[in-house]
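Enquirer: What follows is upload28.cif, mmCIF, C-alpha atoms.
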data_entry
#
loop_
_atom_site.label_atom_id
_atom_site.label_comp_id
_atom_site.auth_asym_id
_atom_site.auth_seq_id
_atom_site.Cartn_x
_atom_site.Cartn_y
_atom_site.Cartn_z
CA MET A 1 49.90 -26.57 87.27
CA THR A 2 52.87 -28.91 87.34
CA ALA A 3 56.46 -27.74 87.03
CA THR A 4 57.59 -26.85 83.52
CA LEU A 5 60.88 -26.84 81.66
CA TYR A 6 61.08 -23.79 79.41
CA GLU A 7 64.84 -24.09 78.92
CA SER A 8 67.25 -26.77 80.02
CA HIS A 9 70.60 -25.84 81.59
CA ILE A 10 73.10 -28.69 81.49
CA GLU A 11 76.54 -27.37 82.32
CA SER A 12 78.30 -30.73 81.94
CA LEU A 13 77.57 -30.87 78.20
CA LYS A 14 78.08 -28.37 75.40
CA LEU A 15 74.86 -26.76 74.14
CA LEU A 16 74.81 -27.01 70.34
CA ASN A 17 71.40 -25.55 69.59
CA ARG A 18 68.30 -24.24 71.31
CA GLY A 19 65.54 -24.66 68.75
CA LYS A 20 61.84 -23.93 68.80
CA VAL A 21 61.20 -26.86 71.13
CA ARG A 22 64.39 -28.91 71.52
CA ASP A 23 67.67 -28.18 73.26
CA ILE A 24 70.48 -30.22 71.74
CA TYR A 25 73.74 -31.01 73.54
CA ALA A 26 76.89 -32.78 72.44
CA VAL A 27 77.56 -36.00 74.37
CA ASP A 28 80.55 -37.10 72.29
CA ASP A 29 81.51 -37.31 68.62
CA GLU A 30 78.82 -39.91 67.93
CA HIS A 31 75.97 -38.99 70.28
CA LEU A 32 73.67 -36.09 71.13
CA LEU A 33 71.30 -35.34 73.99
CA PHE A 34 67.88 -34.22 72.73
CA VAL A 35 65.83 -32.40 75.37
CA ALA A 36 62.15 -31.86 74.58
CA SER A 37 61.27 -28.70 76.46
CA ASP A 38 57.78 -27.50 77.34
CA ARG A 39 58.10 -24.60 74.89
CA LEU A 40 55.40 -24.27 72.27
CA SER A 41 55.81 -22.66 68.86
CA ALA A 42 53.00 -21.42 66.66
CA PHE A 43 53.39 -19.90 63.22
CA ASP A 44 57.11 -20.68 63.67
CA VAL A 45 57.37 -18.34 66.67
CA VAL A 46 58.20 -19.61 70.16
CA LEU A 47 55.50 -18.57 72.62
CA PRO A 48 56.44 -17.08 76.00
CA ASP A 49 54.43 -19.57 78.06
CA PRO A 50 55.38 -23.25 78.48
CA ILE A 51 52.79 -26.03 78.36
CA PRO A 52 53.04 -28.28 81.45
CA GLY A 53 53.96 -31.88 80.61
CA LYS A 54 54.38 -31.18 76.90
CA GLY A 55 58.00 -32.32 76.68
CA LYS A 56 57.17 -35.62 78.35
CA VAL A 57 54.28 -36.19 75.93
CA LEU A 58 56.55 -35.56 72.93
CA THR A 59 59.17 -37.93 74.33
CA ASP A 60 56.70 -40.69 75.21
CA LEU A 61 54.97 -40.54 71.83
CA SER A 62 58.23 -40.45 69.87
CA LEU A 63 59.47 -43.52 71.73
CA PHE A 64 56.15 -45.25 71.07
CA TRP A 65 56.25 -44.54 67.33
CA PHE A 66 59.94 -45.39 66.97
CA ALA A 67 59.11 -48.83 68.36
CA HIS A 68 55.91 -49.19 66.34
CA LEU A 69 57.68 -48.33 63.06
CA ALA A 70 60.96 -50.11 63.79
CA GLU A 71 60.43 -52.78 61.14
CA ARG A 72 59.82 -50.13 58.47
CA VAL A 73 62.49 -47.54 59.18
CA ARG A 74 65.65 -47.11 61.25
CA ASN A 75 65.65 -44.41 63.91
CA HIS A 76 68.25 -42.35 65.73
CA LEU A 77 67.86 -43.88 69.20
CA SER A 78 71.23 -44.90 70.62
CA GLY A 79 70.30 -47.41 73.30
CA MET A 80 72.06 -45.26 75.90
CA THR A 81 70.13 -44.04 78.94
CA LEU A 82 70.14 -40.62 80.55
CA GLU A 83 72.00 -42.16 83.49
CA ASP A 84 74.84 -42.94 81.07
CA VAL A 85 75.48 -39.26 80.43
CA LEU A 86 73.96 -37.23 83.29
CA GLU A 87 73.75 -37.39 87.05
CA GLY A 88 72.34 -35.51 90.03
CA ASP A 89 70.22 -32.42 89.50
CA GLU A 90 70.99 -32.29 85.80
CA LEU A 91 69.57 -35.77 85.33
CA GLU A 92 66.45 -35.03 87.35
CA SER A 93 65.83 -31.73 85.53
CA VAL A 94 65.25 -33.51 82.20
CA ARG A 95 64.13 -36.97 83.29
CA GLY A 96 61.30 -38.21 81.10
CA GLN A 97 61.81 -35.62 78.40
CA ALA A 98 65.29 -36.25 77.00
CA LEU A 99 66.86 -38.91 74.80
CA VAL A 100 70.43 -39.86 73.94
CA VAL A 101 70.54 -40.28 70.16
CA LYS A 102 73.09 -41.03 67.48
CA ARG A 103 74.49 -38.27 65.31
CA TYR A 104 73.49 -38.33 61.65
CA ARG A 105 73.72 -35.94 58.73
CA ILE A 106 70.28 -34.32 58.77
CA LEU A 107 68.60 -33.58 55.46
CA PRO A 108 67.80 -29.86 55.01
CA VAL A 109 64.08 -30.37 54.35
CA GLU A 110 60.91 -31.19 56.25
CA ALA A 111 59.18 -34.29 54.86
CA ILE A 112 55.50 -33.33 55.04
CA VAL A 113 52.77 -35.86 54.27
CA ARG A 114 49.09 -34.96 53.86
CA GLY A 115 46.17 -37.36 53.91
CA TYR A 116 43.42 -34.76 54.34
CA LEU A 117 42.74 -31.30 52.91
CA ILE A 118 43.26 -28.86 55.78
CA GLY A 119 45.43 -25.98 56.96
CA SER A 120 47.72 -24.35 54.43
CA GLY A 121 46.86 -27.16 52.00
CA TRP A 122 43.19 -26.17 52.07
CA LYS A 123 44.10 -22.52 51.48
CA ASP A 124 46.41 -23.47 48.63
CA TYR A 125 43.74 -25.66 47.05
CA GLY A 126 41.14 -22.89 47.28
CA ALA A 127 43.44 -20.49 45.48
CA THR A 128 45.02 -22.76 42.88
CA GLY A 129 43.20 -26.11 42.77
CA ALA A 130 46.48 -27.70 43.84
CA VAL A 131 48.55 -28.27 46.99
CA SER A 132 52.24 -27.42 46.66
CA GLY A 133 51.93 -27.76 42.90
CA ILE A 134 50.15 -31.15 43.06
CA ASN A 135 46.89 -30.87 41.12
CA LEU A 136 43.82 -32.26 42.89
CA PRO A 137 40.29 -33.02 41.65
CA PRO A 138 37.85 -30.08 41.72
CA GLY A 139 35.10 -29.87 44.31
CA LEU A 140 36.97 -31.21 47.34
CA LYS A 141 35.76 -29.91 50.70
CA GLN A 142 37.63 -28.74 53.78
CA ALA A 143 38.99 -31.65 55.88
CA GLN A 144 38.08 -34.17 53.18
CA GLN A 145 40.34 -37.20 52.81
CA LEU A 146 42.48 -36.86 49.72
CA PRO A 147 42.12 -39.39 46.89
CA GLU A 148 45.67 -40.46 47.70
CA THR A 149 48.31 -39.40 50.20
CA ILE A 150 50.52 -36.57 48.94
CA PHE A 151 54.06 -35.50 49.81
CA THR A 152 54.63 -31.73 50.13
CA PRO A 153 58.14 -30.89 51.42
CA SER A 154 59.23 -27.60 52.92
CA THR A 155 62.37 -25.83 54.00
CA LYS A 156 63.48 -25.98 57.64
CA ALA A 157 63.32 -22.58 59.29
CA GLU A 158 65.25 -21.36 62.29
CA ALA A 159 63.33 -20.15 65.35
CA GLY A 160 61.42 -17.00 64.45
CA GLU A 161 61.52 -17.73 60.72
CA HIS A 162 58.84 -19.38 58.60
CA ASP A 163 59.10 -22.72 56.81
CA GLU A 164 58.51 -22.38 53.08
CA ASN A 165 56.75 -24.96 50.93
CA ILE A 166 58.89 -26.20 48.06
CA SER A 167 58.19 -28.43 45.08
CA PHE A 168 59.48 -31.97 44.84
CA SER A 169 61.90 -30.88 42.13
CA GLN A 170 63.27 -28.15 44.41
CA MET A 171 63.77 -30.77 47.12
CA ALA A 172 65.56 -32.99 44.60
CA ASP A 173 67.88 -30.08 43.80
CA LYS A 174 68.75 -29.84 47.50
CA VAL A 175 69.28 -33.51 48.37
CA GLY A 176 69.54 -35.33 45.04
CA ARG A 177 66.72 -36.99 43.12
CA GLU A 178 67.40 -40.52 44.35
CA THR A 179 67.37 -39.43 47.99
CA ALA A 180 64.28 -37.28 47.43
CA GLU A 181 62.40 -40.20 45.93
CA LYS A 182 63.40 -42.47 48.81
CA VAL A 183 62.28 -39.87 51.36
CA ARG A 184 58.95 -39.41 49.59
CA ALA A 185 58.22 -43.13 49.38
CA LEU A 186 59.28 -43.84 52.97
CA SER A 187 57.39 -40.85 54.37
CA ILE A 188 54.15 -41.93 52.72
CA GLU A 189 54.65 -45.54 53.82
CA ILE A 190 55.17 -44.78 57.50
CA TYR A 191 52.45 -42.13 57.56
CA GLU A 192 49.91 -44.56 56.16
CA ALA A 193 51.00 -47.28 58.59
CA ALA A 194 50.66 -44.86 61.52
CA ARG A 195 47.32 -43.56 60.27
CA ALA A 196 45.95 -47.10 60.08
CA TYR A 197 47.02 -47.79 63.67
CA ALA A 198 45.68 -44.46 64.96
CA ASN A 199 42.32 -45.19 63.37
CA THR A 200 42.02 -48.18 65.70
CA ARG A 201 42.55 -45.80 68.63
CA GLY A 202 39.90 -43.30 67.57
CA ILE A 203 42.32 -40.74 66.14
CA ILE A 204 42.66 -39.49 62.57
CA ILE A 205 46.16 -38.36 61.62
CA ALA A 206 45.37 -35.70 59.02
CA ASP A 207 48.95 -34.82 58.21
CA THR A 208 52.42 -34.95 59.71
CA LYS A 209 56.04 -34.04 59.11
CA PHE A 210 59.14 -36.18 59.45
CA GLU A 211 62.82 -35.38 59.71
CA PHE A 212 65.37 -37.73 58.23
CA GLY A 213 69.09 -38.17 58.61
CA MET A 214 71.45 -40.31 56.62
CA ASP A 215 74.21 -42.63 57.77
CA ASP A 216 77.57 -43.13 56.08
CA ASP A 217 76.10 -45.89 53.90
CA GLY A 218 73.32 -43.66 52.58
CA THR A 219 70.56 -45.31 54.62
CA LEU A 220 67.72 -43.04 55.70
CA VAL A 221 67.21 -42.71 59.47
CA LEU A 222 64.10 -41.30 61.16
CA CYS A 223 65.18 -38.53 63.55
CA ASP A 224 63.86 -35.86 65.90
CA GLU A 225 60.24 -36.26 67.06
CA VAL A 226 57.75 -38.56 65.37
CA LEU A 227 53.97 -38.28 65.03
CA THR A 228 53.42 -36.01 68.02
CA PRO A 229 50.83 -33.25 68.52
CA ASP A 230 53.61 -30.79 67.62
CA SER A 231 54.41 -32.39 64.27
CA SER A 232 50.97 -33.69 63.27
CA ARG A 233 47.27 -32.90 63.11
CA PHE A 234 45.33 -35.33 65.28
CA TRP A 235 41.53 -35.34 65.07
CA PRO A 236 39.04 -37.30 67.21
CA ALA A 237 37.41 -39.71 64.78
CA ASP A 238 34.01 -39.50 66.46
CA GLU A 239 33.87 -35.71 65.94
CA TYR A 240 35.23 -35.62 62.39
CA ARG A 241 32.97 -33.98 59.81
CA VAL A 242 33.81 -33.10 56.20
CA GLY A 243 33.33 -29.43 55.40
CA THR A 244 34.49 -27.98 58.72
CA SER A 245 37.80 -27.75 60.57
CA PRO A 246 37.58 -30.61 63.08
CA PRO A 247 38.50 -30.22 66.75
CA SER A 248 42.03 -31.38 67.37
CA PHE A 249 44.41 -32.82 69.95
CA ASP A 250 47.29 -30.71 68.67
CA LYS A 251 48.39 -27.09 68.84
CA GLN A 252 45.75 -26.01 66.31
CA PHE A 253 43.78 -25.07 69.43
CA VAL A 254 46.48 -22.51 70.27
CA ARG A 255 46.72 -21.32 66.65
CA ASP A 256 42.97 -20.72 66.63
CA TYR A 257 43.25 -18.62 69.78
CA LEU A 258 46.17 -16.62 68.40
CA GLU A 259 44.21 -15.89 65.22
CA THR A 260 41.80 -13.90 67.40
CA GLN A 261 44.61 -11.70 68.70
CA ASP A 262 46.06 -8.52 67.20
CA TRP A 263 49.38 -10.13 66.33
CA ASN A 264 51.41 -10.09 63.11
CA LYS A 265 52.86 -13.59 63.66
CA ARG A 266 56.31 -12.20 64.30
CA PRO A 267 58.22 -12.20 67.62
CA PRO A 268 57.35 -11.43 70.31
CA ALA A 269 54.27 -13.59 70.58
CA PRO A 270 51.41 -12.69 72.97
CA LYS A 271 51.08 -14.47 76.29
CA LEU A 272 48.57 -17.28 76.61
CA PRO A 273 45.76 -17.15 79.19
CA PRO A 274 45.90 -19.85 81.90
CA ALA A 275 42.76 -21.51 80.50
CA ILE A 276 44.36 -21.90 77.06
CA ILE A 277 47.54 -23.32 78.61
CA ARG A 278 45.59 -25.80 80.73
CA LYS A 279 43.36 -26.94 77.85
CA THR A 280 46.36 -27.38 75.55
CA ALA A 281 48.14 -29.53 78.13
CA GLU A 282 45.01 -31.67 78.46
CA LYS A 283 44.76 -32.12 74.69
CA TYR A 284 48.39 -33.22 74.37
CA ASP A 285 48.04 -35.75 77.19
CA ASP A 286 44.73 -37.03 75.83
CA ALA A 287 46.44 -37.80 72.50
CA ARG A 288 49.25 -39.62 74.30
CA ARG A 289 46.87 -41.73 76.35
CA ARG A 290 44.68 -42.68 73.40
CA LEU A 291 47.57 -43.63 71.13
CA THR A 292 49.72 -45.49 73.64
CA GLY A 293 46.94 -46.90 75.81
CA GLU A 294 48.86 -45.77 78.90
CA SER A 295 47.38 -43.74 81.74
#
As structure tokens - that is how I would like this structure written.
Expert:
Amino acid sequence: MTATLYESHIESLKLLNRGKVRDIYAVDDEHLLFVASDRLSAFDVVLPDPIPGKGKVLTDLSLFWFAHLAERVRNHLSGMTLEDVLEGDELESVRGQALVVKRYRILPVEAIVRGYLIGSGWKDYGATGAVSGINLPPGLKQAQQLPETIFTPSTKAEAGEHDENISFSQMADKVGRETAEKVRALSIEIYEAARAYANTRGIIIADTKFEFGMDDDGTLVLCDEVLTPDSSRFWPADEYRVGTSPPSFDKQFVRDYLETQDWNKRPPAPKLPPAIIRKTAEKYDDARRRLTGES
């Protein structure tokens, strides 16, 4: 397997946060260095084994989607290169999986958009007939496309903690109703635009989550990663069937494996077998190649 980056170590910059996947460094008062490591989290727990090439896939796909959605939403890219802030071994250690971004005030919620009935949404629907308090028609099947796209926000958990679904009104209490309504509308718009494009590449985007910041003028800015296998469910269109959980390009493959293990979904997580690591890396890269058209 290729070399992996489980943790970055950049002594020339101050480390601000080591999250589930990203290491964030201060460049100056207006800029940050985002490093997409090869760490993988599942059930909000960071796994002990890195996935080769994963950080590069996340970086490539985020750059692709930032460009694809640029006319619809601003993003946090700064225009600065890695060479502007790093040199030597530090530069080479994160080349291809780090971005210099602008600092924004990040909203304290995950903007989750669902187009299909799967995952926790399917479980919620089976128990209540609704998803995150949004009533849905009776008789829907697993993995079925929803009558309309729905917005189901959640809290943002620290590493080792679990995100919690919240209602739209709870989100409005956190960020203000006007901001909440803007986030909901923009999230649905860019999800549907991305889903339409992905359909032309043979991929169904079942759901995704966005992170937004806000500038001093109150304009929403798309931040962090965008429409990657970490933040989205990607299904191969030619294998999609209503009524079953479709195969995926994302980390659902790892979740499915972990569900077979005697693990309480709290740290520490079990180690992954080499075959699971290799197959996961292949799935991530397959999604990148299909969506971007690049080898």
Enquirer: The residues within 9 Å of (48.8, -32.9, 74.0), using all atoms listed in the file and the coordinates of the file, should be reported as a VMD selection string; which are they?
Expert: chain A and resid 53 to 54 57 to 58 228 to 230 249 to 251 279 to 288
Enquirer: Go ahead and dump the residues you just picked, C-alpha atoms, as a tab-separated table (two decimals), keeping the file's coordinate frame.
Expert:
chain	number	residue	atom	x	y	z
A	53	GLY	CA	53.96	-31.88	80.61
A	54	LYS	CA	54.38	-31.18	76.90
A	57	VAL	CA	54.28	-36.19	75.93
A	58	LEU	CA	56.55	-35.56	72.93
A	228	THR	CA	53.42	-36.01	68.02
A	229	PRO	CA	50.83	-33.25	68.52
A	230	ASP	CA	53.61	-30.79	67.62
A	249	PHE	CA	44.41	-32.82	69.95
A	250	ASP	CA	47.29	-30.71	68.67
A	251	LYS	CA	48.39	-27.09	68.84
A	279	LYS	CA	43.36	-26.94	77.85
A	280	THR	CA	46.36	-27.38	75.55
A	281	ALA	CA	48.14	-29.53	78.13
A	282	GLU	CA	45.01	-31.67	78.46
A	283	LYS	CA	44.76	-32.12	74.69
A	284	TYR	CA	48.39	-33.22	74.37
A	285	ASP	CA	48.04	-35.75	77.19
A	286	ASP	CA	44.73	-37.03	75.83
A	287	ALA	CA	46.44	-37.80	72.50
A	288	ARG	CA	49.25	-39.62	74.30
Enquirer: Give one line per residue of segment 90-171 of chain A that approaches segment 24-40 of chain A to at most 6 Å, naming the two atoms of the closest pair and their distance in Å to one decimal, counting only C-alpha atoms; sort by chain then ascending residue number and deliver it as a Markdown table.
Expert:
| residue | atom | partner | partner_atom | distance |
| --- | --- | --- | --- | --- |
| A:Gln97 | CA | A:Ala36 | CA | 5.4 |
| A:Ala98 | CA | A:Val35 | CA | 4.2 |
| A:Leu99 | CA | A:Phe34 | CA | 5.2 |
| A:Val100 | CA | A:Leu33 | CA | 4.6 |
| A:Val101 | CA | A:Leu32 | CA | 5.3 |
| A:Lys102 | CA | A:His31 | CA | 4.5 |
| A:Arg103 | CA | A:His31 | CA | 5.2 |
Enquirer: Write a file of the selected residues as a compact mmCIF listing (two decimals), in the coordinates of the input, keeping C-alpha atoms.
Expert:
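Result written to selection_31.txt:
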# COMPACT_ATOMS: atom_id res chain seq x y z
CA GLN A 97 61.81 -35.62 78.40
CA ALA A 98 65.29 -36.25 77.00
CA LEU A 99 66.86 -38.91 74.80
CA VAL A 100 70.43 -39.86 73.94
CA VAL A 101 70.54 -40.28 70.16
CA LYS A 102 73.09 -41.03 67.48
CA ARG A 103 74.49 -38.27 65.31
Enquirer: Contacts of Arg195 of chain A at 10 Å or less, counting only C-alpha atoms, minus same-chain residues fewer than 4 places along, as a PDB file with C-alpha atoms, in the frame of the given file?
Expert:
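In the end it all went to out_10.pdb:
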ATOM      1  CA  GLY A 115      46.170 -37.360  53.910  1.00  0.00           C
ATOM      2  CA  GLU A 189      54.650 -45.540  53.820  1.00  0.00           C
ATOM      3  CA  ILE A 190      55.170 -44.780  57.500  1.00  0.00           C
ATOM      4  CA  TYR A 191      52.450 -42.130  57.560  1.00  0.00           C
ATOM      5  CA  ASN A 199      42.320 -45.190  63.370  1.00  0.00           C
ATOM      6  CA  THR A 200      42.020 -48.180  65.700  1.00  0.00           C
ATOM      7  CA  ARG A 201      42.550 -45.800  68.630  1.00  0.00           C
ATOM      8  CA  ILE A 203      42.320 -40.740  66.140  1.00  0.00           C
ATOM      9  CA  ILE A 204      42.660 -39.490  62.570  1.00  0.00           C
ATOM     10  CA  ILE A 205      46.160 -38.360  61.620  1.00  0.00           C
ATOM     11  CA  ALA A 206      45.370 -35.700  59.020  1.00  0.00           C
ATOM     12  CA  ASP A 207      48.950 -34.820  58.210  1.00  0.00           C
ATOM     13  CA  LEU A 227      53.970 -38.280  65.030  1.00  0.00           C
ATOM     14  CA  PHE A 234      45.330 -35.330  65.280  1.00  0.00           C
TER      15      PHE A 234
END
Enquirer: Could you put an axis-aligned box around every listed atom of segment 115-125 of chain A, padded by 8 Å on each side, and send me its centre and edge lengths in Å to one decimal, as lines of an AutoDock Vina configuration file?
Expert:
center_x = 45.2
center_y = -29.9
center_z = 52.0
size_x = 21.0
size_y = 30.8
size_z = 25.9
Enquirer: Which residues, written as a ChimeraX atom specification, have at least one atom at most 10 Å from Leu186 of chain A, with all atoms listed in the file counted and residues fewer than 2 positions away on the same chain left out?
Expert: /A:72-73,111,180-184,188-192,220,222
Enquirer: One decimal, Å: what's the distance from atom CA of Ser78 of chain A over to atom CA of Tyr6 of chain A, could you say?
Expert: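 A separation of 25.0 Å between them.
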